[in-house]
file target05.tsv (TSV, C-alpha atoms)
chain	number	residue	atom	x	y	z
A	901	MET	CA	-44.63	-76.46	16.61
A	902	GLU	CA	-41.88	-78.46	18.32
A	903	PHE	CA	-44.41	-81.20	19.07
A	904	LEU	CA	-45.48	-81.34	15.42
A	905	TYR	CA	-41.85	-81.45	14.31
A	906	GLU	CA	-41.07	-84.39	16.63
A	907	TYR	CA	-44.22	-86.18	15.63
A	908	GLY	CA	-43.44	-85.70	11.92
A	909	LEU	CA	-39.89	-86.98	12.46
A	910	PHE	CA	-41.18	-90.02	14.30
A	911	LEU	CA	-43.72	-90.73	11.57
A	912	ALA	CA	-41.05	-90.42	8.86
A	913	LYS	CA	-38.83	-92.92	10.70
A	914	ALA	CA	-41.75	-95.26	11.16
A	915	VAL	CA	-42.66	-95.18	7.47
A	916	THR	CA	-39.01	-95.74	6.52
A	917	PHE	CA	-38.82	-98.74	8.83
A	918	VAL	CA	-42.04	-100.25	7.49
A	919	LEU	CA	-40.86	-99.84	3.88
A	920	ALA	CA	-37.55	-101.48	4.79
A	921	VAL	CA	-39.35	-104.43	6.39
A	922	VAL	CA	-41.61	-104.79	3.36
A	923	ALA	CA	-38.55	-104.79	1.06
A	924	ILE	CA	-36.96	-107.53	3.19
A	925	ILE	CA	-40.13	-109.61	3.10
A	926	ILE	CA	-40.35	-109.30	-0.69
A	927	THR	CA	-36.70	-110.33	-1.06
A	928	ILE	CA	-37.14	-113.33	1.21
A	929	ALA	CA	-40.40	-114.32	-0.49
A	930	GLY	CA	-38.54	-114.34	-3.80
A	931	ALA	CA	-35.88	-116.61	-2.32
A	932	ALA	CA	-38.59	-118.86	-0.88
A	933	MET	CA	-40.22	-119.13	-4.31
A	934	LYS	CA	-36.95	-120.41	-5.72
A	935	GLN	CA	-36.87	-123.08	-3.01
A	936	GLN	CA	-40.48	-124.22	-3.45
A	937	HIS	CA	-39.49	-127.26	-5.52
A	938	LYS	CA	-37.03	-128.59	-2.96
A	939	LYS	CA	-37.25	-132.20	-1.88
A	940	GLY	CA	-39.35	-133.11	1.15
A	941	GLU	CA	-39.04	-136.10	3.45
A	942	LEU	CA	-41.23	-138.80	4.93
A	943	ASP	CA	-42.32	-138.56	8.54
A	944	ILE	CA	-43.05	-142.05	9.91
A	945	THR	CA	-44.91	-142.50	13.21
A	946	ASP	CA	-45.46	-145.84	14.95
A	947	LEU	CA	-49.11	-145.56	16.01
A	948	SER	CA	-49.10	-149.11	17.42
A	949	GLU	CA	-46.46	-148.03	19.90
A	950	GLN	CA	-48.53	-144.99	20.87
A	951	PHE	CA	-51.60	-147.15	21.45
A	952	GLU	CA	-49.56	-149.62	23.49
A	953	ASP	CA	-47.93	-146.89	25.59
A	954	THR	CA	-51.33	-145.40	26.38
A	955	GLU	CA	-52.70	-148.82	27.32
A	956	GLN	CA	-49.71	-149.58	29.55
A	957	ASP	CA	-49.97	-146.21	31.30
A	958	ILE	CA	-53.60	-146.89	32.16
A	959	ILE	CA	-52.89	-150.47	33.27
A	960	HIS	CA	-50.07	-149.30	35.55
A	961	ALA	CA	-52.41	-146.77	37.09
A	962	LEU	CA	-55.10	-149.38	37.76
A	963	LEU	CA	-53.12	-152.42	38.96
A	964	THR	CA	-51.70	-152.95	42.41
A	965	LYS	CA	-47.95	-153.48	42.96
A	966	GLU	CA	-48.44	-157.24	43.29
A	967	GLU	CA	-50.50	-157.38	40.10
A	968	LEU	CA	-47.88	-155.33	38.25
A	969	LYS	CA	-45.10	-157.72	39.29
A	970	GLU	CA	-47.12	-160.69	38.10
A	971	LYS	CA	-47.83	-158.99	34.79
A	972	GLU	CA	-44.14	-158.17	34.25
A	973	LYS	CA	-43.24	-161.83	34.84
A	974	GLN	CA	-45.78	-162.96	32.26
A	975	ASP	CA	-44.58	-160.38	29.71
A	976	LYS	CA	-40.93	-161.46	30.14
A	977	LYS	CA	-41.90	-165.11	29.76
A	978	ALA	CA	-43.83	-164.41	26.57
A	979	ALA	CA	-40.91	-162.41	25.14
A	980	LYS	CA	-38.43	-165.25	25.88
A	981	GLU	CA	-40.69	-167.80	24.23
A	982	LYS	CA	-40.92	-165.67	21.11
A	983	VAL	CA	-37.11	-165.32	20.93
A	984	LYS	CA	-36.72	-169.09	21.27
A	985	ALA	CA	-39.27	-169.72	18.53
A	986	ASP	CA	-37.49	-167.33	16.17
A	987	LYS	CA	-34.09	-168.96	16.86
A	988	LYS	CA	-35.52	-172.42	16.29
A	989	ALA	CA	-37.03	-171.32	12.97
A	990	ALA	CA	-33.69	-169.77	11.93
A	991	LYS	CA	-31.74	-172.99	12.73
A	992	SER	CA	-34.20	-175.14	10.78
A	993	GLY	CA	-33.80	-172.88	7.77
A	994	ASP	CA	-37.38	-171.68	7.88
A	995	GLU	CA	-38.01	-168.07	6.97
A	996	VAL	CA	-38.74	-165.91	9.99
A	997	LYS	CA	-41.83	-164.03	8.97
A	998	PRO	CA	-42.88	-160.73	10.52
A	999	SER	CA	-45.25	-161.36	13.42
A	1000	LYS	CA	-47.69	-158.75	12.16
A	1001	ALA	CA	-48.85	-157.36	8.86
A	1002	HIS	CA	-48.83	-153.58	8.46
A	1003	VAL	CA	-51.50	-150.92	8.26
A	1004	PHE	CA	-50.13	-147.79	6.59
A	1005	VAL	CA	-52.10	-144.71	7.65
A	1006	VAL	CA	-52.32	-141.70	5.31
A	1007	ASP	CA	-54.21	-138.43	5.81
A	1008	PHE	CA	-55.81	-136.32	3.07
A	1009	ASN	CA	-57.45	-133.06	4.12
A	1010	GLY	CA	-58.39	-131.73	0.72
A	1011	SER	CA	-58.62	-128.12	-0.45
A	1012	ILE	CA	-60.61	-126.88	-3.46
A	1013	ASP	CA	-57.72	-127.38	-5.89
A	1014	ALA	CA	-56.60	-130.66	-4.24
A	1015	LYS	CA	-53.02	-129.38	-3.99
A	1016	GLU	CA	-52.43	-132.02	-1.28
A	1017	VAL	CA	-52.15	-134.59	-4.07
A	1018	SER	CA	-48.45	-133.71	-4.42
A	1019	SER	CA	-47.83	-135.17	-0.95
A	1020	LEU	CA	-50.25	-138.05	-1.50
A	1021	ARG	CA	-48.38	-139.27	-4.58
A	1022	GLU	CA	-45.11	-139.39	-2.59
A	1023	GLU	CA	-46.78	-141.26	0.28
A	1024	ILE	CA	-48.38	-143.81	-2.07
A	1025	SER	CA	-45.08	-144.34	-3.89
A	1026	ALA	CA	-43.28	-144.94	-0.59
A	1027	ILE	CA	-45.91	-147.43	0.58
A	1028	LEU	CA	-45.88	-149.34	-2.71
A	1029	SER	CA	-42.13	-149.81	-2.39
A	1030	VAL	CA	-42.56	-151.95	0.76
A	1031	ALA	CA	-46.19	-153.07	1.06
A	1032	THR	CA	-47.39	-156.60	0.38
A	1033	LYS	CA	-50.85	-157.99	-0.33
A	1034	GLN	CA	-51.12	-158.91	3.37
A	1035	ASP	CA	-50.78	-155.26	4.37
A	1036	GLU	CA	-53.42	-152.53	4.23
A	1037	VAL	CA	-53.54	-148.81	3.50
A	1038	PHE	CA	-55.89	-146.76	5.64
A	1039	LEU	CA	-56.80	-143.28	4.36
A	1040	ARG	CA	-58.33	-140.73	6.73
A	1041	LEU	CA	-60.17	-138.57	4.24
A	1042	GLU	CA	-61.74	-135.16	4.73
A	1043	SER	CA	-62.85	-133.11	1.75
A	1044	GLY	CA	-65.89	-131.30	0.42
A	1045	GLY	CA	-64.59	-131.62	-3.13
A	1046	GLY	CA	-63.29	-129.10	-5.62
A	1047	MET	CA	-61.68	-129.02	-9.06
A	1048	VAL	CA	-62.31	-132.06	-11.24
A	1049	HIS	CA	-58.76	-132.48	-12.55
A	1050	GLY	CA	-57.23	-132.21	-9.06
A	1051	TYR	CA	-59.49	-134.80	-7.48
A	1052	GLY	CA	-59.27	-136.96	-10.57
A	1053	LEU	CA	-55.51	-137.16	-10.07
A	1054	ALA	CA	-55.93	-137.85	-6.34
A	1055	SER	CA	-58.30	-140.72	-7.16
A	1056	SER	CA	-55.79	-142.08	-9.67
A	1057	GLN	CA	-53.10	-142.10	-6.99
A	1058	LEU	CA	-55.33	-144.27	-4.79
A	1059	ASP	CA	-56.10	-146.50	-7.74
A	1060	ARG	CA	-52.39	-147.36	-7.90
A	1061	LEU	CA	-52.93	-149.34	-4.70
A	1062	ARG	CA	-55.85	-151.25	-6.20
A	1063	GLN	CA	-53.79	-152.10	-9.27
A	1064	GLN	CA	-51.10	-153.63	-7.02
A	1065	GLU	CA	-53.81	-155.48	-5.04
A	1066	ILE	CA	-52.99	-153.65	-1.81
A	1067	PRO	CA	-56.21	-153.46	0.27
A	1068	LEU	CA	-57.40	-149.88	0.72
A	1069	THR	CA	-59.79	-148.70	3.43
A	1070	VAL	CA	-61.09	-145.12	3.46
A	1071	SER	CA	-62.42	-143.56	6.65
A	1072	VAL	CA	-64.69	-140.51	6.64
A	1073	ASP	CA	-65.09	-138.90	10.05
A	1074	LYS	CA	-66.51	-135.57	8.83
A	1075	VAL	CA	-67.04	-135.16	5.09
A	1076	ALA	CA	-66.27	-136.81	1.76
A	1077	ALA	CA	-68.47	-135.09	-0.78
A	1078	SER	CA	-68.22	-134.56	-4.53
A	1079	GLY	CA	-64.50	-134.94	-5.36
A	1080	GLY	CA	-63.99	-136.29	-1.85
A	1081	TYR	CA	-66.37	-139.14	-2.58
A	1082	MET	CA	-64.69	-139.65	-5.95
A	1083	MET	CA	-61.57	-140.52	-3.95
A	1084	ALA	CA	-63.44	-142.60	-1.37
A	1085	CYS	CA	-65.18	-144.84	-3.89
A	1086	VAL	CA	-61.82	-146.21	-5.07
A	1087	ALA	CA	-61.42	-148.05	-1.74
A	1088	ASN	CA	-62.12	-151.74	-1.14
A	1089	LYS	CA	-63.97	-150.63	1.99
A	1090	ILE	CA	-65.42	-147.30	3.16
A	1091	ILE	CA	-66.22	-146.64	6.81
A	1092	SER	CA	-68.00	-143.56	8.07
A	1093	ALA	CA	-68.89	-141.83	11.31
A	1094	PRO	CA	-72.68	-141.66	11.87
A	1095	PHE	CA	-72.96	-137.94	11.13
A	1096	ALA	CA	-70.31	-137.68	8.42
A	1097	ILE	CA	-71.49	-136.15	5.14
A	1098	LEU	CA	-71.11	-138.23	1.98
A	1099	GLY	CA	-72.24	-138.21	-1.64
A	1100	SER	CA	-72.84	-135.02	-3.62
A	1101	ILE	CA	-72.19	-136.91	-6.85
A	1102	GLY	CA	-72.76	-133.95	-9.11
A	1103	VAL	CA	-71.05	-131.02	-10.84
A	1104	ILE	CA	-71.46	-127.31	-10.15
A	1105	ALA	CA	-70.09	-124.13	-11.71
A	1106	GLN	CA	-70.85	-120.55	-10.70
A	1107	VAL	CA	-69.82	-117.57	-12.83
A	1108	PRO	CA	-70.68	-113.97	-11.88
A	1109	ASN	CA	-71.42	-111.64	-14.78
A	1110	PHE	CA	-70.71	-107.90	-14.66
A	1111	ASN	CA	-71.81	-107.06	-18.19
A	1112	LYS	CA	-74.84	-104.95	-17.17
A	1113	LEU	CA	-72.73	-103.01	-14.68
A	1114	LEU	CA	-70.12	-102.26	-17.31
A	1115	LYS	CA	-72.76	-101.12	-19.80
A	1116	LYS	CA	-74.29	-98.83	-17.17
A	1117	HIS	CA	-70.96	-97.03	-16.84
A	1118	ASP	CA	-70.29	-97.05	-20.62
A	1119	VAL	CA	-67.42	-99.53	-20.33
A	1120	GLU	CA	-66.91	-101.79	-23.34
A	1121	PHE	CA	-65.54	-105.29	-22.94
A	1122	GLU	CA	-63.97	-106.95	-25.96
A	1123	GLN	CA	-62.79	-110.53	-26.18
A	1124	PHE	CA	-61.13	-112.20	-29.16
A	1125	THR	CA	-61.06	-115.96	-29.66
A	1126	ALA	CA	-60.38	-118.49	-32.39
A	1127	GLY	CA	-62.78	-121.40	-32.27
A	1128	GLU	CA	-66.52	-121.16	-31.78
A	1129	PHE	CA	-66.51	-122.49	-28.23
A	1130	LYS	CA	-63.08	-121.36	-27.04
A	1131	ARG	CA	-64.96	-119.32	-24.45
A	1132	THR	CA	-68.56	-120.34	-23.73
A	1133	VAL	CA	-69.40	-117.98	-20.86
A	1134	THR	CA	-67.56	-114.95	-19.55
A	1135	MET	CA	-67.61	-112.72	-16.48
A	1136	PHE	CA	-67.56	-109.41	-18.36
A	1137	GLY	CA	-69.09	-109.99	-21.77
A	1138	GLU	CA	-72.71	-110.68	-22.70
A	1139	ASN	CA	-73.34	-114.42	-22.53
A	1140	THR	CA	-75.30	-115.90	-25.42
A	1141	GLU	CA	-77.89	-118.66	-25.10
A	1142	LYS	CA	-75.75	-120.83	-27.38
A	1143	GLY	CA	-72.69	-120.31	-25.18
A	1144	LYS	CA	-74.65	-121.07	-22.00
A	1145	GLN	CA	-76.11	-124.22	-23.52
A	1146	LYS	CA	-72.63	-125.43	-24.52
A	1147	PHE	CA	-71.40	-124.75	-20.98
A	1148	ILE	CA	-74.24	-126.83	-19.52
A	1149	GLU	CA	-73.43	-129.64	-21.98
A	1150	GLU	CA	-69.85	-129.66	-20.68
A	1151	LEU	CA	-71.12	-129.90	-17.11
A	1152	GLU	CA	-73.36	-132.82	-18.07
A	1153	GLU	CA	-70.45	-134.55	-19.78
A	1154	THR	CA	-68.35	-134.19	-16.61
A	1155	HIS	CA	-71.25	-135.55	-14.54
A	1156	VAL	CA	-71.46	-138.63	-16.78
A	1157	LEU	CA	-67.73	-139.27	-16.32
A	1158	PHE	CA	-68.16	-138.88	-12.54
A	1159	LYS	CA	-71.08	-141.34	-12.46
A	1160	ASP	CA	-69.23	-143.87	-14.62
A	1161	PHE	CA	-66.19	-143.66	-12.34
A	1162	VAL	CA	-68.25	-144.28	-9.19
A	1163	ASN	CA	-70.23	-147.06	-10.86
A	1164	GLU	CA	-67.02	-148.77	-11.97
A	1165	HIS	CA	-65.63	-148.89	-8.45
A	1166	ARG	CA	-68.90	-149.54	-6.60
A	1167	PRO	CA	-71.06	-151.46	-9.11
A	1168	SER	CA	-73.57	-152.46	-6.42
A	1169	LEU	CA	-74.76	-148.84	-6.12
A	1170	ASP	CA	-77.99	-147.67	-7.71
A	1171	ILE	CA	-76.09	-144.92	-9.50
A	1172	GLN	CA	-79.19	-143.15	-10.83
A	1173	LYS	CA	-80.54	-142.89	-7.30
A	1174	VAL	CA	-77.39	-141.55	-5.64
A	1175	ALA	CA	-75.93	-139.42	-8.45
A	1176	THR	CA	-78.42	-136.57	-8.03
A	1177	GLY	CA	-75.98	-134.14	-6.38
A	1178	GLU	CA	-77.54	-134.82	-2.96
A	1179	HIS	CA	-75.51	-135.58	0.15
A	1180	TRP	CA	-76.41	-137.84	3.07
A	1181	PHE	CA	-75.31	-138.52	6.64
A	1182	GLY	CA	-73.38	-141.68	7.39
A	1183	THR	CA	-76.29	-143.84	8.56
A	1184	THR	CA	-78.35	-143.05	5.44
A	1185	ALA	CA	-75.26	-143.44	3.25
A	1186	LEU	CA	-74.88	-146.97	4.65
A	1187	ALA	CA	-78.45	-147.84	3.68
A	1188	LEU	CA	-77.83	-146.47	0.17
A	1189	GLY	CA	-74.61	-148.46	-0.21
A	1190	LEU	CA	-72.30	-145.44	-0.34
A	1191	VAL	CA	-70.35	-146.81	2.65
A	1192	ASP	CA	-69.79	-150.29	4.06
A	1193	ALA	CA	-69.81	-149.72	7.82
A	1194	ILE	CA	-70.46	-147.12	10.51
A	1195	GLN	CA	-67.26	-146.67	12.49
A	1196	THR	CA	-64.82	-143.91	13.37
A	1197	SER	CA	-61.18	-143.98	12.32
A	1198	ASP	CA	-60.12	-144.11	15.98
A	1199	ASP	CA	-62.08	-147.31	16.68
A	1200	TYR	CA	-60.83	-148.94	13.48
A	1201	LEU	CA	-57.15	-148.23	14.09
A	1202	GLN	CA	-57.28	-149.12	17.77
A	1203	ALA	CA	-58.77	-152.51	16.88
A	1204	LYS	CA	-56.25	-153.07	14.07
A	1205	SER	CA	-53.33	-152.30	16.39
A	1206	LYS	CA	-54.08	-155.56	18.24
A	1207	THR	CA	-53.29	-157.65	15.17
A	1208	HIS	CA	-51.27	-155.34	12.90
A	1209	LYS	CA	-48.40	-152.90	13.14
A	1210	VAL	CA	-49.99	-149.52	12.47
A	1211	VAL	CA	-47.70	-146.89	10.95
A	1212	ALA	CA	-48.58	-143.34	9.86
A	1213	ILE	CA	-46.85	-142.04	6.71
A	1214	LYS	CA	-46.69	-138.30	5.99
A	1215	TYR	CA	-44.68	-136.52	3.32
A	1216	GLU	CA	-43.60	-133.01	4.28
A	1217	VAL	CA	-41.45	-130.35	2.68
A	1218	LYS	CA	-39.37	-128.90	5.49
A	1219	LYS	CA	-39.38	-125.13	5.73
A	1220	GLY	CA	-36.06	-123.55	4.83
A	1221	LEU	CA	-34.32	-120.62	6.49
A	1222	ALA	CA	-35.90	-118.20	4.03
A	1223	ASP	CA	-39.40	-119.44	4.89
A	1224	LYS	CA	-38.80	-119.19	8.63
A	1225	PHE	CA	-37.16	-115.75	8.37
A	1226	SER	CA	-39.97	-114.52	6.11
A	1227	LYS	CA	-42.56	-115.56	8.69
A	1228	ALA	CA	-40.57	-114.00	11.53
A	1229	ALA	CA	-40.15	-110.76	9.58
A	1230	SER	CA	-43.86	-110.69	8.80
A	1231	LEU	CA	-44.77	-111.16	12.45
A	1232	SER	CA	-42.28	-108.47	13.49
A	1233	ALA	CA	-43.73	-106.02	10.97
A	1234	GLU	CA	-47.27	-106.75	12.18
A	1235	SER	CA	-46.17	-106.24	15.79
A	1236	PHE	CA	-44.45	-102.94	14.98
A	1237	ILE	CA	-47.41	-101.58	13.03
A	1238	GLY	CA	-49.73	-102.58	15.88
A	1239	LYS	CA	-47.58	-100.74	18.40
A	1240	LEU	CA	-47.35	-97.74	16.08
A	1241	LEU	CA	-51.12	-97.54	15.82
A	1242	GLN	CA	-51.46	-97.83	19.58
A	1243	ARG	CA	-48.91	-95.05	20.08
A	1244	ASN	CA	-50.70	-92.80	17.62
A	1245	ARG	CA	-53.94	-93.16	19.59
A	1246	ILE	CA	-52.50	-91.25	22.57
A	1247	PHE	CA	-52.21	-88.06	20.51
A	1248	PRO	CA	-55.28	-85.84	20.18
A	1249	SER	CA	-56.86	-85.80	16.74
call {"tool": "encode", "arguments": {"input": "target05.tsv", "output": "structure tokens"}}
result
Amino acid sequence: MEFLYEYGLFLAKAVTFVLAVVAIIITIAGAAMKQQHKKGELDITDLSEQFEDTEQDIIHALLTKEELKEKEKQDKKAAKEKVKADKKAAKSGDEVKPSKAHVFVVDFNGSIDAKEVSSLREEISAILSVATKQDEVFLRLESGGGMVHGYGLASSQLDRLRQQEIPLTVSVDKVAASGGYMMACVANKIISAPFAILGSIGVIAQVPNFNKLLKKHDVEFEQFTAGEFKRTVTMFGENTEKGKQKFIEELEETHVLFKDFVNEHRPSLDIQKVATGEHWFGTTALALGLVDAIQTSDDYLQAKSKTHKVVAIKYEVKKGLADKFSKAASLSAESFIGKLLQRNRIFPS
């Protein structure tokens, strides 16, 4: 009996602790929700410098001491000559132009609802504030598509670059299908890895229906609408042929808009041939005209770094104290529950 008493006391304390932790997590989550609209900040990374540092590290490992000394002399001489040229241009009143144009690198790893567009719009706005027609925007895109309105907005954000005549290159290393390709086709140039998946210019909708199951258990489902086609198909009611036909018409209408959008940005495509909902690997996509070259993003940027200053732009909302504490509390609760379960296993059932 004493054992059962102690065990019951321990269990009561454990439950009390878990409930307290859950209450804390809920409170912090509420505070985090209030902070979700806080301002983020741009994270800027000099990729050219990273490429150069890597190159120099390898060169230093390969050259002899004598060869390194000679190389350092040549580098110092070249740097002095550049300084002299800039001073001479300044004295003569000539404008000292930047030695290199810029390549602004942006990443978009898209989810089904394309929620990443909120960061993309900030990144595009920042780039447009400084970019010139001599610069370039390079988008590393990865997405299997998703909601039409989300990817439509993402495509519109990229189109802002085209309207300002800023060259846009899209790179697809893995996948740009459906809404992902809707974004890609806005670019002046699309490059793709050989086995990347592209295309899927089509529209799909899947709706489960539980009406027969509800009828089997004598459950009635009632739905009230105003307007004949306010709701065409439903998950719980009995779908009519007229409602299903209207739903298919809406899908076809969306498909037409999709095809027109792709055709507008890549008029050389045989749109009837590629807009079948099929997807293709990079090499076949090149033959069909869906992409312009077979190349990985790494090769492209490494080559560009020789002639351009390559800079990565990423907009991030920094996590506040509430977010960090909420995560820590969640991990602590998980750890405690895990230990509690392990402790309970030592008692006989």
call {"tool": "residues_around", "arguments": {"input": "target05.tsv", "residues": "Lys1130 of chain A", "least_positions_apart": "4", "cutoff": "12 Å", "atoms": "only C-alpha atoms", "output": "PDB file with C-alpha atoms, in the coordinates of the input"}}
result
ATOM      1  CA  GLN A1123     -62.790-110.530 -26.180  1.00  0.00           C
ATOM      2  CA  PHE A1124     -61.130-112.200 -29.160  1.00  0.00           C
ATOM      3  CA  THR A1125     -61.060-115.960 -29.660  1.00  0.00           C
ATOM      4  CA  ALA A1126     -60.380-118.490 -32.390  1.00  0.00           C
ATOM      5  CA  THR A1134     -67.560-114.950 -19.550  1.00  0.00           C
ATOM      6  CA  GLY A1143     -72.690-120.310 -25.180  1.00  0.00           C
ATOM      7  CA  LYS A1146     -72.630-125.430 -24.520  1.00  0.00           C
ATOM      8  CA  PHE A1147     -71.400-124.750 -20.980  1.00  0.00           C
TER       9      PHE A1147
END
call {"tool": "atom_distance", "arguments": {"input": "target05.tsv", "atom1": "atom CA of Ala1187 of chain A", "atom2": "atom CA of Thr1069 of chain A"}}
result
18.7 Å
call {"tool": "atom_distance", "arguments": {"input": "target05.tsv", "atom1": "atom CA of His1049 of chain A", "atom2": "atom CA of Cys1085 of chain A"}}
result
16.4 Å
call {"tool": "closest_residue", "arguments": {"input": "target05.tsv", "among": "A:Gln1202, A:Thr1196, A:Ser1078, A:Asn1111", "to": "Gly1177 of chain A", "atoms": "all atoms listed in the file"}}
result
A:Ser1078
call {"tool": "residues_around", "arguments": {"input": "target05.tsv", "residues": "Phe1110 of chain A", "least_positions_apart": "3", "cutoff": "9 Å", "atoms": "all atoms listed in the file", "output": "count of residues only"}}
result
7
call {"tool": "residues_around", "arguments": {"input": "target05.tsv", "residues": "Val1210 of chain A", "least_positions_apart": "5", "cutoff": "8 Å", "atoms": "all atoms listed in the file", "output": "PyMOL selection string"}}
result
chain A and resi 946-948+1002-1005+1201+1204-1205
call {"tool": "closest_residue", "arguments": {"input": "target05.tsv", "among": "A:Lys1173, A:His1165, A:Lys1033, A:Lys1142", "to": "Ser1100 of chain A", "atoms": "all atoms listed in the file"}}
result
A:Lys1173
call {"tool": "closest_residue", "arguments": {"input": "target05.tsv", "among": "A:His960, A:Lys1218, A:His1208, A:Arg1060", "to": "Lys939 of chain A", "atoms": "all atoms listed in the file"}}
result
A:Lys1218
call {"tool": "closest_residue", "arguments": {"input": "target05.tsv", "among": "A:Ala1026, A:Leu1098, A:Val1156, A:Ala1054", "to": "Asp943 of chain A", "atoms": "all atoms listed in the file"}}
result
A:Ala1026
call {"tool": "atom_distance", "arguments": {"input": "target05.tsv", "atom1": "atom CA of Ile958 of chain A", "atom2": "atom CA of Thr945 of chain A"}}
result
21.3 Å
call {"tool": "residues_near_point", "arguments": {"input": "target05.tsv", "point": "(-76.9, -146.6, 5.5)", "cutoff": "12 Å", "atoms": "only C-alpha atoms", "output": "list in words"}}
result
Ile1090, Ile1091, Ser1092, Ala1093, Pro1094, Phe1095, Ala1096, Ile1097, Leu1098, Gly1099, Trp1180, Phe1181, Gly1182, Thr1183, Thr1184, Ala1185, Leu1186, Ala1187, Leu1188, Gly1189, Leu1190, Val1191, Asp1192, Ala1193, Ile1194 and Gln1195 of chain A
call {"tool": "closest_residue", "arguments": {"input": "target05.tsv", "among": "A:Thr1154, A:Gln1034, A:Asn1009, A:Ser1043", "to": "Ala1105 of chain A", "atoms": "only C-alpha atoms"}}
result
A:Thr1154
call {"tool": "residues_around", "arguments": {"input": "target05.tsv", "residues": "Lys1015 of chain A", "least_positions_apart": "4", "cutoff": "10 Å", "atoms": "all atoms listed in the file", "output": "PyMOL selection string"}}
result
chain A and resi 1009-1011+1019-1020+1050-1051+1054
call {"tool": "write_last_selection", "arguments": {"input": "target05.tsv", "atoms": "C-alpha atoms", "output": "PDB file, keeping the file's coordinate frame"}}
result
ATOM      1  CA  ASN A1009     -57.450-133.060   4.120  1.00  0.00           C
ATOM      2  CA  GLY A1010     -58.390-131.730   0.720  1.00  0.00           C
ATOM      3  CA  SER A1011     -58.620-128.120  -0.450  1.00  0.00           C
ATOM      4  CA  SER A1019     -47.830-135.170  -0.950  1.00  0.00           C
ATOM      5  CA  LEU A1020     -50.250-138.050  -1.500  1.00  0.00           C
ATOM      6  CA  GLY A1050     -57.230-132.210  -9.060  1.00  0.00           C
ATOM      7  CA  TYR A1051     -59.490-134.800  -7.480  1.00  0.00           C
ATOM      8  CA  ALA A1054     -55.930-137.850  -6.340  1.00  0.00           C
TER       9      ALA A1054
END
call {"tool": "closest_residue", "arguments": {"input": "target05.tsv", "among": "A:Ala1001, A:Glu952, A:Gly1102, A:Glu1023", "to": "Pro1067 of chain A", "atoms": "only C-alpha atoms"}}
result
A:Ala1001
call {"tool": "decode", "arguments": {"input": "target05.tsv", "residues": "segment 1077-1088 of chain A", "atoms": "N, CA and C atoms", "output": "compact mmCIF listing (two decimals), in the first residue's frame"}}
result
# COMPACT_ATOMS: atom_id res chain seq x y z
N ALA A 1077 7.95 22.71 -60.73
CA ALA A 1077 6.78 22.15 -61.42
C ALA A 1077 5.53 22.92 -61.05
N SER A 1078 4.57 22.92 -61.95
CA SER A 1078 3.29 23.58 -61.74
C SER A 1078 3.52 25.05 -61.34
N GLY A 1079 3.12 25.46 -60.13
CA GLY A 1079 3.33 26.84 -59.71
C GLY A 1079 4.80 27.22 -59.70
N GLY A 1080 5.67 26.24 -59.46
CA GLY A 1080 7.11 26.50 -59.51
C GLY A 1080 7.54 26.91 -60.91
N TYR A 1081 6.99 26.24 -61.93
CA TYR A 1081 7.34 26.64 -63.29
C TYR A 1081 6.67 27.96 -63.67
N MET A 1082 5.51 28.24 -63.08
CA MET A 1082 4.87 29.54 -63.31
C MET A 1082 5.82 30.66 -62.92
N MET A 1083 6.54 30.47 -61.80
CA MET A 1083 7.53 31.45 -61.38
C MET A 1083 8.72 31.46 -62.33
N ALA A 1084 9.21 30.28 -62.68
CA ALA A 1084 10.43 30.18 -63.50
C ALA A 1084 10.26 30.83 -64.86
N CYS A 1085 9.09 30.70 -65.46
CA CYS A 1085 8.92 31.19 -66.83
C CYS A 1085 8.98 32.70 -66.94
N VAL A 1086 8.92 33.41 -65.81
CA VAL A 1086 9.03 34.87 -65.83
C VAL A 1086 10.46 35.31 -66.19
N ALA A 1087 11.43 34.44 -65.96
CA ALA A 1087 12.85 34.80 -66.09
C ALA A 1087 13.24 35.07 -67.54
N ASN A 1088 14.28 35.88 -67.72
CA ASN A 1088 14.90 36.07 -69.03
C ASN A 1088 15.62 34.80 -69.47
